[in-house]
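Following: one structure in structure tokens, then a few remarks.
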There are 2 protein chains.
Amino acid sequence: MKYEDFKKQVAISKHDFYRDIFAENRKSIRIKKEKTVVKNLERIFRAVLKISNQKGFQAMSMRELAQETGLSMGALYAYFSSKDELVEMLQKQSQAVASKIWKDQITLADDPREQLKVAVYSHLFLSEVMRPWYYFSFMEAKNLSEKERKRALEVEGASEQVLADIIERGQAAGFFTEGDARLIASLIKAMMQDWYLRRSKYVKTRVSIEKYADQVYRLLSSYLIRT
Amino acid sequence: MKYEDFKKQVAISKHDFYRDIFAENRKSIRIKKEKTVVKNLERIFRAVLKISNQKGFQAMSMRELAQETGLSMGALYAYFSSKDELVEMLQKQSQAVASKIWKDQITLADDPREQLKVAVYSHLFLSEVMRPWYYFSFMEAKNLSEKERKRALEVEGASEQVLADIIERGQAAGFFTEGDARLIASLIKAMMQDWYLRRSKYVKTRVSIEKYADQVYRLLSSYLIRT
DNA sequence: GTCTATATACGGATAGAC
DNA sequence: GTCTATCCGTATATAGAC
């Protein structure tokens, strides 16, 4: 499994991404011309991720965001009505896109052994494509509004359940060794998470995403797959 | 390996912990009576961890800290000269204590196979004993001062190197399978980290620290240990 | 040792000109 | 659509009374 192939295959259209955000938030966005909105939303969200991932979302001031985007504070508030709403837009759309891509990938396989492999590789590749958002999402989760925090927890729980289900099907079919599927799923998630949480370390030690994925999968299959 | 035994064995004396902080920071602490200082430092650090772990260190206001500790803002500033210094005291002492305990535990064993087991179990147990600090340290690392951030990275790198060294010795002795020791150490670290980063999930699904440690070690040894 | 009151700066958000 | 200027709340930190 090659990262470059995956990247081409999913080819998330940035334009579509921001157009969808526009469509979902017509009420709070005061600007009417789609072209302008898409252009500026891209600048804004790029800057939010950049600054937040350096110093945290709370520590990012609107003045700083204005500077980084090249827009004034007044202009910024034409695209959202509060800092909370800004982060809500980002979370909702990114989460929807990420979860759709992952599930689509898994559905391409049907044998549990193949599904497990696809699930691990495609999750890692996806987190590499959308790395700034994955990092942001983890680090800022606890600072979101009650509503957003709850949704983030549900999404995370659901993705672990996807892994656990694959493992259970594999166990039922006799391919995998017995054991607590949910707990094993947690450990897989932990290893996948490390790629985006401490990525600078892997850059420094020259570990590529493919090498990382291979190692995770090898560790996993030596435990799980019956021989 | 039992968690309760470990807990008794290390029995970190809280009194010693705060007395050491006092000794190291005589300059910035304006209060002279040790008894008073120890009592209040304990209140302060407990409150810092509690509030920060709920909403982040930056979002914790001094007014909030005053309320939680039962001290006034004026009184708080008799124990440190800035928010940054407060967090520096906490980091320095906790890091020293944690790293000493872990290394002492590992030295108790000499066979690499036994050392690996001790390293995994004792790190997990230790992170359970000092859980609020481990969580804080990870989540706030990037918001610390340049100096503190650098030191945190070094400590983290060193602890992964400890694991990698054990693995390499085990490989050289023919006990472990070949492979990239540093990368495997990273994956072990990732799994150990998950215990304190997403602990509420494990509480909810009723996974005990012992069960978690067993599962991590089983996964690991199935890959690493030659049969 | 600890308190209350306050200096000073910076935060998010908006009004109204262009 | 975007800008500048400003309101107003809250932040950290300190001064000085007790």
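Quick note on naming: the chains in the structure tokens go A, B, ... in the order shown, residues restart at 1 in each chain, and ligands are numbered from 1 in order of appearance.
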Find the spatial neighbours of range 62-65 of chain B, counting only C-alpha atoms (C1' of nucleotides), within a cut-off of 8 Å - ignore same-chain residues fewer than 5 positions away - and output them as a VMD selection string. (chain B and resid 44 47 to 48 51 73) or (chain D and resid 12)
Which residues of chain D have any atom within 10 Å of an atom in chain B when counting only C-alpha atoms (C1' of nucleotides), and what is the closest pair of atoms for each, with the distance in Å to one decimal? Order the rows by chain and rising number and write it as JSON lines.
```
{"residue": "D:DT10", "atom": "C1'", "partner": "B:Ser61", "partner_atom": "CA", "distance": 9.5}
{"residue": "D:DA11", "atom": "C1'", "partner": "B:Ser61", "partner_atom": "CA", "distance": 7.3}
{"residue": "D:DT12", "atom": "C1'", "partner": "B:Met62", "partner_atom": "CA", "distance": 7.7}
{"residue": "D:DA13", "atom": "C1'", "partner": "B:Ser82", "partner_atom": "CA", "distance": 7.9}
{"residue": "D:DT14", "atom": "C1'", "partner": "B:Gly74", "partner_atom": "CA", "distance": 8.3}
```
Can you write just those residues out, C-alpha atoms (C1' of nucleotides), as an mmCIF file, in the first residue's frame?
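Writing the result to again-v1.cif gives the following:
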```cif
data_model
loop_
_atom_site.group_PDB
_atom_site.id
_atom_site.type_symbol
_atom_site.label_atom_id
_atom_site.label_comp_id
_atom_site.auth_asym_id
_atom_site.auth_seq_id
_atom_site.Cartn_x
_atom_site.Cartn_y
_atom_site.Cartn_z
ATOM 1 C "C1'" DT D 10 -11.393 40.272 32.086
ATOM 2 C "C1'" DA D 11 -6.483 39.018 32.431
ATOM 3 C "C1'" DT D 12 -1.962 39.259 35.179
ATOM 4 C "C1'" DA D 13 0.490 41.370 38.494
ATOM 5 C "C1'" DT D 14 1.416 44.637 42.346
#
```
Contacts of DT2 in chain D at 9 Å (only C-alpha atoms (C1' of nucleotides); same-chain gap of 6+ positions) as a short mmCIF file (atom, residue, chain, number, x, y, z; two decimals) with N, CA, C and O atoms (P, O5', C5', C4', C3', O3' and C1' of nucleotides), in the first residue's frame:
```cif
data_model
loop_
_atom_site.label_atom_id
_atom_site.label_comp_id
_atom_site.auth_asym_id
_atom_site.auth_seq_id
_atom_site.Cartn_x
_atom_site.Cartn_y
_atom_site.Cartn_z
N LEU A 71 -6.61 39.65 6.49
CA LEU A 71 -7.92 40.33 6.59
C LEU A 71 -7.95 41.16 7.87
O LEU A 71 -7.16 40.94 8.77
N SER A 72 -8.87 42.08 7.94
CA SER A 72 -9.05 42.85 9.18
C SER A 72 -9.98 42.10 10.11
O SER A 72 -10.68 41.17 9.70
N GLY A 74 -12.70 43.18 11.42
CA GLY A 74 -14.06 43.40 10.94
C GLY A 74 -14.43 42.42 9.83
O GLY A 74 -15.51 41.82 9.87
N ALA A 75 -13.52 42.25 8.88
CA ALA A 75 -13.79 41.33 7.77
C ALA A 75 -13.94 39.90 8.27
O ALA A 75 -14.85 39.17 7.83
P DC C 18 -15.83 58.42 5.27
"O5'" DC C 18 -15.55 57.25 4.25
"C5'" DC C 18 -14.25 56.67 4.17
"C4'" DC C 18 -14.33 55.49 3.25
"C3'" DC C 18 -14.72 55.82 1.80
"O3'" DC C 18 -13.57 55.69 0.97
"C1'" DC C 18 -15.71 53.80 2.58
#
```
Using only C-alpha atoms, the residue out of A:Met89, A:Trp102, A:Val162, A:Ser52 with shortest distance to chain B is A:Ser52
Determine, counting only C-alpha atoms (C1' of nucleotides), which protein, DNA and RNA residues have an atom within 10 Å of an atom of DG1 in chain C; residues of the same chain fewer than 6 positions away are not included. Present the result as an mmCIF file with all heavy atoms, in the first residue's frame.
```
data_model
loop_
_atom_site.group_PDB
_atom_site.id
_atom_site.type_symbol
_atom_site.label_atom_id
_atom_site.label_comp_id
_atom_site.auth_asym_id
_atom_site.auth_seq_id
_atom_site.Cartn_x
_atom_site.Cartn_y
_atom_site.Cartn_z
ATOM 1 N N ARG B 30 8.414 33.976 48.933
ATOM 2 C CA ARG B 30 8.619 35.016 49.946
ATOM 3 C C ARG B 30 8.306 34.542 51.359
ATOM 4 O O ARG B 30 8.661 35.205 52.336
ATOM 5 C CB ARG B 30 7.753 36.254 49.635
ATOM 6 C CG ARG B 30 8.259 37.078 48.466
ATOM 7 C CD ARG B 30 7.810 38.533 48.587
ATOM 8 N NE ARG B 30 6.373 38.645 48.771
ATOM 9 C CZ ARG B 30 5.484 38.738 47.780
ATOM 10 N NH1 ARG B 30 5.886 38.750 46.530
ATOM 11 N NH2 ARG B 30 4.195 38.848 48.022
ATOM 12 N N ILE B 31 7.606 33.431 51.481
ATOM 13 C CA ILE B 31 7.217 32.936 52.801
ATOM 14 C C ILE B 31 8.372 32.139 53.414
ATOM 15 O O ILE B 31 9.098 31.459 52.700
ATOM 16 C CB ILE B 31 5.964 32.040 52.697
ATOM 17 C CG1 ILE B 31 4.933 32.681 51.779
ATOM 18 C CG2 ILE B 31 5.377 31.768 54.059
ATOM 19 C CD1 ILE B 31 4.438 34.020 52.212
ATOM 20 N N LYS B 32 8.500 32.226 54.733
ATOM 21 C CA LYS B 32 9.673 31.600 55.353
ATOM 22 C C LYS B 32 9.387 30.291 56.079
ATOM 23 O O LYS B 32 10.235 29.402 56.146
ATOM 24 C CB LYS B 32 10.329 32.605 56.340
ATOM 25 C CG LYS B 32 10.971 33.803 55.635
ATOM 26 C CD LYS B 32 12.145 33.370 54.728
ATOM 27 C CE LYS B 32 12.346 34.357 53.561
ATOM 28 N NZ LYS B 32 12.560 33.699 52.278
ATOM 29 N N LYS B 33 8.215 30.177 56.663
ATOM 30 C CA LYS B 33 7.906 28.987 57.464
ATOM 31 C C LYS B 33 7.626 27.762 56.597
ATOM 32 O O LYS B 33 6.657 27.735 55.834
ATOM 33 C CB LYS B 33 6.689 29.251 58.361
ATOM 34 C CG LYS B 33 7.069 29.568 59.810
ATOM 35 C CD LYS B 33 5.865 29.968 60.627
ATOM 36 C CE LYS B 33 4.850 28.838 60.762
ATOM 37 N NZ LYS B 33 3.608 29.319 61.438
ATOM 38 N N THR B 36 4.070 26.199 56.536
ATOM 39 C CA THR B 36 3.102 26.969 55.758
ATOM 40 C C THR B 36 3.305 26.757 54.259
ATOM 41 O O THR B 36 2.355 26.527 53.513
ATOM 42 C CB THR B 36 3.262 28.479 56.059
ATOM 43 O OG1 THR B 36 3.277 28.663 57.457
ATOM 44 C CG2 THR B 36 2.151 29.270 55.432
ATOM 45 N N ALA B 75 -1.888 36.495 48.041
ATOM 46 C CA ALA B 75 -1.185 35.415 48.726
ATOM 47 C C ALA B 75 -0.511 34.474 47.724
ATOM 48 O O ALA B 75 0.628 34.054 47.924
ATOM 49 C CB ALA B 75 -2.155 34.643 49.606
ATOM 50 N N ALA B 78 2.871 35.277 46.543
ATOM 51 C CA ALA B 78 3.973 35.153 47.499
ATOM 52 C C ALA B 78 4.730 33.840 47.276
ATOM 53 O O ALA B 78 5.826 33.648 47.783
ATOM 54 C CB ALA B 78 3.439 35.216 48.920
#
```
Using only C-alpha atoms (C1' of nucleotides), which protein or nucleic acid residues come within 12 Å of DA17 in chain C? Drop anything in the same chain fewer than 5 positions from it, and give the result as a PyMOL selection string. chain D and resi 2-5
